[in-house]
Amino acid sequence: MNPLSTSAPRVRQVNFRFRCIGCGDLSDAASQDFRCSRCGDLLEITYPQWREDKPSAENLKSAWSQRRLSLSPVDLSGVWRFRDLLPALETAPDATRDDGQQVITLREGNTPLYELPQCAAITGVPRLFAKHQGTNPTGSFKDCGMTVAATFARHAGFRWVGCASTGNTSASMAAYAARGGMRSLVLVPEGKISWSKLSQALDYGAVTCQLRTDFDGCLRLLQELVRRAPVYQLNSINPFRLEGQKTLALELLEQLDWQPPDHIIVPGGNLGNSSAIGKALLEMRELGLIARLPKLSVIQAEGANALVRTLREAGGKRLVSVQAETRATAIRIGNPASWKKAAHVLEATGGACEQVSEVEIAQAKAEIGAEGIGCEPASAVTLAGLKKLVKQKFVKPEESVVLVLTGNLLKDPDFTIDFHRGDLFRGSADESAGARLNPLRRAPIVLDAALDAVMRVLEQAEKS
Ligand code: F0G
């Protein structure tokens, strides 16, 4: 196919329909920008047959646990193992590939649920857990959505996929495109994403454009581009992404033996992930997989607090966008696309929305690191936010809390090294506030290769 021809192939559905979150219009096909043809709002995927023929909760649970013994790629994927609640691929009568072979998978999902004893002591919430999405194949939660959306892109016959990104989406998209034999186009803000994430996109063979704008500018441009060229957009506006990301919540509940935690806390950027987790919780309750809803709370950086302001200043009725600025570059987003979906799931689950400062993020990140787990700065907003929610008595000490750690520590080594060297806040307005974190710093020590010198360091460390 000529990449510049505008006659793009379309995805056709089998067990699902698209529903507009604004006017409720149902459709069988989605346009290239995944917006409602009537009112322009975002689309979500819905499963109308659940109304007449609801899958049984007990059958689902037993199928999902049986598949854990299987060695087939779809069952080894922590996403496709839950395929009963995902859009099904349309199979032509003469198809030569079965469902398993059609799926592009890197064995995503299957992420651990860790206890956080030290952070539990710090926050005064003993039942504190981390669902670590940073152990996914490309190091972030994006892989769970990408396996589904990339699979549908290839199934629909697209040769090109594209995204705007603060880094993790592009790393993930590039990997899945490469595995699926597709080309990928990455638009990232120049100088505003970590080298680790950029290096992933390059290594996986993406055509990578560093645009002189911010994430919001990259996303705007991508939206225009997909109307002109048959490039399948893989941002979280694409509802197939959110279906895959739903499985985070399914896997979490399975790990908790279907006993819902009281709270799930997630970072908020473009607000796709919170929307996906919330959708999963509501669907699990509808299907009788859980009896009550955990409260889903979203935490943003103070400098990128569009949802916080949207809820506080506009009652969730219209988006208050901001000029985003934060060292947690993954969530440096001022105009979040899925704000309406996120506002809906916060309301439906009774969750909170809070913001945290740069110093609070750095402190929380160091505290999670000291548990031997580590995460990227955007993930650490969850612990920082929890401290605030405990202070406000929104979270009570006897309640159970799951923090969603969205990305791996190695995604942003510059942040970690700057923090431990004492450079993170140097010359910024946070310099004196940041100084109170000095006891958490572990700066590298440069020495001559002499035994005595190392012994002295050891003695000193023993005293501190
Ligand atoms: N945490 C990390 C590590 C992220 O990379 C992102 C988003 C988020 C949290 C926020 O999730 O957007 O669903 O609310 N990163 C996107 C990207 C925007 O391009 O990689 P969200």
# chains A, B, ... in the order shown; residues from 1 in each chain; ligands from 1
$ residues_near_ligand --ligand "ligand 1" --cutoff "7 Å" --atoms "only C-alpha atoms and all ligand atoms" --output "MDAnalysis selection string"
chainID A and resid 140 164:170 236 267:274 330:331 376 378:379 406:407
$ residues_around --residues "Ile264 in chain A" --least-positions-apart "6" --cutoff "6 Å" --atoms "only C-alpha atoms" --output "VMD selection string"
chain A and resid 296 401 to 403
$ write_last_selection --atoms "N, CA, C and O atoms" --output "compact mmCIF listing (two decimals), in the first residue's frame"
# COMPACT_ATOMS: atom_id res chain seq x y z
N LEU A 296 -10.85 4.23 43.04
CA LEU A 296 -9.72 4.46 42.14
C LEU A 296 -9.34 5.95 42.21
O LEU A 296 -10.16 6.80 41.86
N VAL A 401 -4.37 -0.86 50.24
CA VAL A 401 -4.07 0.08 49.15
C VAL A 401 -3.12 -0.57 48.15
O VAL A 401 -2.12 -1.19 48.55
N VAL A 402 -3.43 -0.44 46.87
CA VAL A 402 -2.51 -0.89 45.81
C VAL A 402 -2.05 0.32 45.01
O VAL A 402 -2.87 1.08 44.48
N LEU A 403 -0.74 0.50 44.95
CA LEU A 403 -0.16 1.56 44.11
C LEU A 403 0.19 0.94 42.76
O LEU A 403 0.81 -0.13 42.71
$ residues_around --residues "Val390 in chain A" --least-positions-apart "6" --cutoff "12 Å" --atoms "only C-alpha atoms" --output "VMD selection string"
chain A and resid 120 122 to 125 263 352 354 383 to 384 396 to 401
$ select_by_dssp --residues "range 184-363 of chain A" --states "strand (DSSP E)" --output "ChimeraX atom specification"
/A:184-189,207-211,231-233,263-267,295-301,353-356
$ atom_distance --atom1 "CA of Leu409 in chain A" --atom2 "CA of Asp430 in chain A"
22.7 Å
$ closest_residue --among "A:Ala362, A:Cys353, A:Leu289, A:Ala177" --to "Glu58 in chain A" --atoms "only C-alpha atoms"
A:Leu289
$ residues_around --residues "Arg327 in chain A" --least-positions-apart "5" --cutoff "9 Å" --atoms "only C-alpha atoms" --output "list in words"
Arg332, Glu358, Pro377, Ala378, Phe415 and Leu424 of chain A
$ write_last_selection --atoms "N, CA and C atoms" --output "tab-separated table (two decimals), in the first residue's frame"
chain	number	residue	atom	x	y	z
A	332	ARG	N	4.20	14.69	31.76
A	332	ARG	CA	4.29	16.12	31.45
A	332	ARG	C	3.28	16.41	30.33
A	358	GLU	N	7.24	18.46	43.17
A	358	GLU	CA	8.45	17.82	42.64
A	358	GLU	C	9.27	17.19	43.76
A	377	PRO	N	10.03	8.23	37.90
A	377	PRO	CA	9.43	9.31	38.70
A	377	PRO	C	7.91	9.38	38.60
A	378	ALA	N	7.36	9.21	37.40
A	378	ALA	CA	5.90	9.33	37.25
A	378	ALA	C	5.17	8.31	38.12
A	415	PHE	N	17.27	11.10	36.21
A	415	PHE	CA	16.55	11.62	37.38
A	415	PHE	C	17.17	11.03	38.65
A	424	LEU	N	19.41	17.42	41.49
A	424	LEU	CA	18.05	17.44	40.93
A	424	LEU	C	17.40	18.81	41.06
$ closest_residue --among "A:Ser432, A:Ser184, A:Asn15, A:Ser27" --to "Asp53 in chain A" --atoms "only C-alpha atoms"
A:Asn15
$ residues_around --residues "range 42-46 of chain A" --least-positions-apart "2" --cutoff "7 Å" --atoms "only C-alpha atoms" --output "PyMOL selection string"
chain A and resi 16-21+34-36+40+48+239
$ select_by_dssp --residues "range 123-217 of chain A" --states "helix (DSSP H, G or I)" --output "PyMOL selection string"
chain A and resi 123+133-135+142-155+168-179+195-203+215-217
$ residues_around --residues "Leu185 in chain A" --least-positions-apart "2" --cutoff "10 Å" --atoms "only C-alpha atoms" --output "NGL selection string"
:A and (160-164 or 170 or 173-174 or 177 or 183 or 187-188 or 201 or 205-209 or 222 or 231-233)
$ write_last_selection --atoms "all heavy atoms" --output "short mmCIF file (atom, residue, chain, number, x, y, z; two decimals), in the first residue's frame"
data_model
loop_
_atom_site.label_atom_id
_atom_site.label_comp_id
_atom_site.auth_asym_id
_atom_site.auth_seq_id
_atom_site.Cartn_x
_atom_site.Cartn_y
_atom_site.Cartn_z
N TRP A 160 1.58 0.87 8.58
CA TRP A 160 2.22 1.87 9.44
C TRP A 160 1.39 2.09 10.71
O TRP A 160 0.16 2.18 10.64
CB TRP A 160 2.32 3.22 8.73
CG TRP A 160 3.48 3.32 7.79
CD1 TRP A 160 3.49 2.95 6.48
CD2 TRP A 160 4.79 3.81 8.10
NE1 TRP A 160 4.73 3.19 5.94
CE2 TRP A 160 5.55 3.72 6.91
CE3 TRP A 160 5.40 4.31 9.24
CZ2 TRP A 160 6.89 4.11 6.84
CZ3 TRP A 160 6.74 4.72 9.18
CH2 TRP A 160 7.46 4.60 7.99
N VAL A 161 2.08 2.21 11.86
CA VAL A 161 1.43 2.65 13.09
C VAL A 161 2.18 3.89 13.58
O VAL A 161 3.36 4.08 13.26
CB VAL A 161 1.45 1.55 14.19
CG1 VAL A 161 0.54 0.39 13.80
CG2 VAL A 161 2.87 1.04 14.46
N GLY A 162 1.50 4.74 14.35
CA GLY A 162 2.15 5.96 14.81
C GLY A 162 1.64 6.38 16.18
O GLY A 162 0.53 6.01 16.58
N CYS A 163 2.46 7.14 16.88
CA CYS A 163 2.00 7.68 18.17
C CYS A 163 2.77 8.97 18.49
O CYS A 163 3.86 9.20 17.99
CB CYS A 163 2.20 6.68 19.31
SG CYS A 163 3.91 6.45 19.82
N ALA A 164 2.12 9.78 19.34
CA ALA A 164 2.82 10.88 20.02
C ALA A 164 3.13 10.35 21.40
O ALA A 164 2.34 9.57 21.93
CB ALA A 164 1.90 12.08 20.12
N SER A 170 6.01 5.24 22.89
CA SER A 170 6.80 5.07 21.67
C SER A 170 7.70 3.84 21.77
O SER A 170 7.84 3.08 20.79
CB SER A 170 7.62 6.32 21.36
OG SER A 170 8.33 6.76 22.48
N MET A 173 5.26 0.86 21.39
CA MET A 173 4.73 0.75 20.03
C MET A 173 5.80 0.25 19.06
O MET A 173 5.54 -0.63 18.22
CB MET A 173 4.21 2.10 19.53
CG MET A 173 3.68 2.04 18.12
SD MET A 173 3.29 3.67 17.45
CE MET A 173 4.93 4.29 17.12
N ALA A 174 7.01 0.80 19.18
CA ALA A 174 8.09 0.42 18.26
C ALA A 174 8.38 -1.08 18.38
O ALA A 174 8.58 -1.77 17.38
CB ALA A 174 9.34 1.24 18.55
N ALA A 177 5.36 -3.11 16.91
CA ALA A 177 5.33 -2.97 15.45
C ALA A 177 6.41 -3.86 14.84
O ALA A 177 6.16 -4.60 13.88
CB ALA A 177 5.55 -1.51 15.06
N ARG A 183 5.75 -0.98 10.14
CA ARG A 183 6.63 0.17 10.34
C ARG A 183 6.01 1.07 11.40
O ARG A 183 4.78 1.11 11.55
CB ARG A 183 6.75 0.99 9.04
CG ARG A 183 7.18 0.23 7.81
CD ARG A 183 8.67 -0.11 7.77
NE ARG A 183 9.58 0.97 8.14
CZ ARG A 183 10.09 1.89 7.30
NH1 ARG A 183 9.73 1.89 6.03
NH2 ARG A 183 10.95 2.78 7.72
N LEU A 187 6.40 10.40 17.28
CA LEU A 187 6.53 11.85 17.45
C LEU A 187 6.75 12.14 18.93
O LEU A 187 5.86 11.87 19.75
CB LEU A 187 5.26 12.57 16.96
CG LEU A 187 4.78 12.26 15.54
CD1 LEU A 187 3.54 13.09 15.20
CD2 LEU A 187 5.87 12.52 14.50
N VAL A 188 7.93 12.66 19.27
CA VAL A 188 8.21 12.96 20.69
C VAL A 188 8.68 14.41 20.82
O VAL A 188 9.27 14.97 19.89
CB VAL A 188 9.29 12.01 21.28
CG1 VAL A 188 8.75 10.60 21.44
CG2 VAL A 188 10.57 12.01 20.46
N ALA A 201 13.03 3.26 21.24
CA ALA A 201 12.34 3.47 19.95
C ALA A 201 13.31 3.29 18.78
O ALA A 201 13.00 2.66 17.77
CB ALA A 201 11.70 4.85 19.91
N GLY A 205 13.62 0.16 15.79
CA GLY A 205 13.50 0.48 14.36
C GLY A 205 12.44 1.50 13.98
O GLY A 205 12.06 1.60 12.81
N ALA A 206 11.96 2.28 14.95
CA ALA A 206 10.94 3.30 14.61
C ALA A 206 11.56 4.44 13.82
O ALA A 206 12.75 4.75 13.98
CB ALA A 206 10.32 3.84 15.90
N VAL A 207 10.74 5.06 12.98
CA VAL A 207 11.12 6.35 12.38
C VAL A 207 10.77 7.38 13.46
O VAL A 207 9.61 7.54 13.81
CB VAL A 207 10.33 6.62 11.09
CG1 VAL A 207 10.61 8.02 10.57
CG2 VAL A 207 10.64 5.56 10.05
N THR A 208 11.79 8.01 14.03
CA THR A 208 11.58 8.81 15.24
C THR A 208 11.78 10.29 14.95
O THR A 208 12.88 10.69 14.53
CB THR A 208 12.56 8.35 16.34
OG1 THR A 208 12.35 6.95 16.55
CG2 THR A 208 12.34 9.08 17.65
N CYS A 209 10.74 11.09 15.17
CA CYS A 209 10.83 12.53 14.95
C CYS A 209 10.78 13.24 16.30
O CYS A 209 9.81 13.06 17.05
CB CYS A 209 9.66 13.03 14.10
SG CYS A 209 9.50 12.20 12.52
N LEU A 222 -0.23 14.49 15.32
CA LEU A 222 -0.54 13.11 14.95
C LEU A 222 -1.99 12.98 14.50
O LEU A 222 -2.30 12.29 13.53
CB LEU A 222 -0.27 12.16 16.12
CG LEU A 222 -0.54 10.68 15.79
CD1 LEU A 222 0.60 10.09 14.96
CD2 LEU A 222 -0.77 9.86 17.04
N VAL A 231 -1.90 5.80 8.58
CA VAL A 231 -1.08 5.45 9.74
C VAL A 231 -2.06 5.21 10.88
O VAL A 231 -2.88 6.06 11.18
CB VAL A 231 -0.11 6.61 10.11
CG1 VAL A 231 0.64 6.30 11.39
CG2 VAL A 231 0.85 6.87 8.96
N TYR A 232 -1.96 4.04 11.47
CA TYR A 232 -2.92 3.66 12.51
C TYR A 232 -2.44 4.22 13.84
O TYR A 232 -1.33 3.91 14.27
CB TYR A 232 -2.99 2.14 12.56
CG TYR A 232 -4.07 1.59 13.45
CD1 TYR A 232 -5.40 1.59 13.05
CD2 TYR A 232 -3.76 1.04 14.68
CE1 TYR A 232 -6.39 1.06 13.85
CE2 TYR A 232 -4.75 0.50 15.50
CZ TYR A 232 -6.06 0.52 15.08
OH TYR A 232 -7.04 0.00 15.87
N GLN A 233 -3.27 5.04 14.48
CA GLN A 233 -2.75 5.70 15.67
C GLN A 233 -2.87 4.83 16.91
O GLN A 233 -3.90 4.24 17.20
CB GLN A 233 -3.37 7.07 15.87
CG GLN A 233 -4.66 7.14 16.57
CD GLN A 233 -4.82 8.51 17.17
OE1 GLN A 233 -4.04 8.91 18.05
NE2 GLN A 233 -5.78 9.26 16.70
#
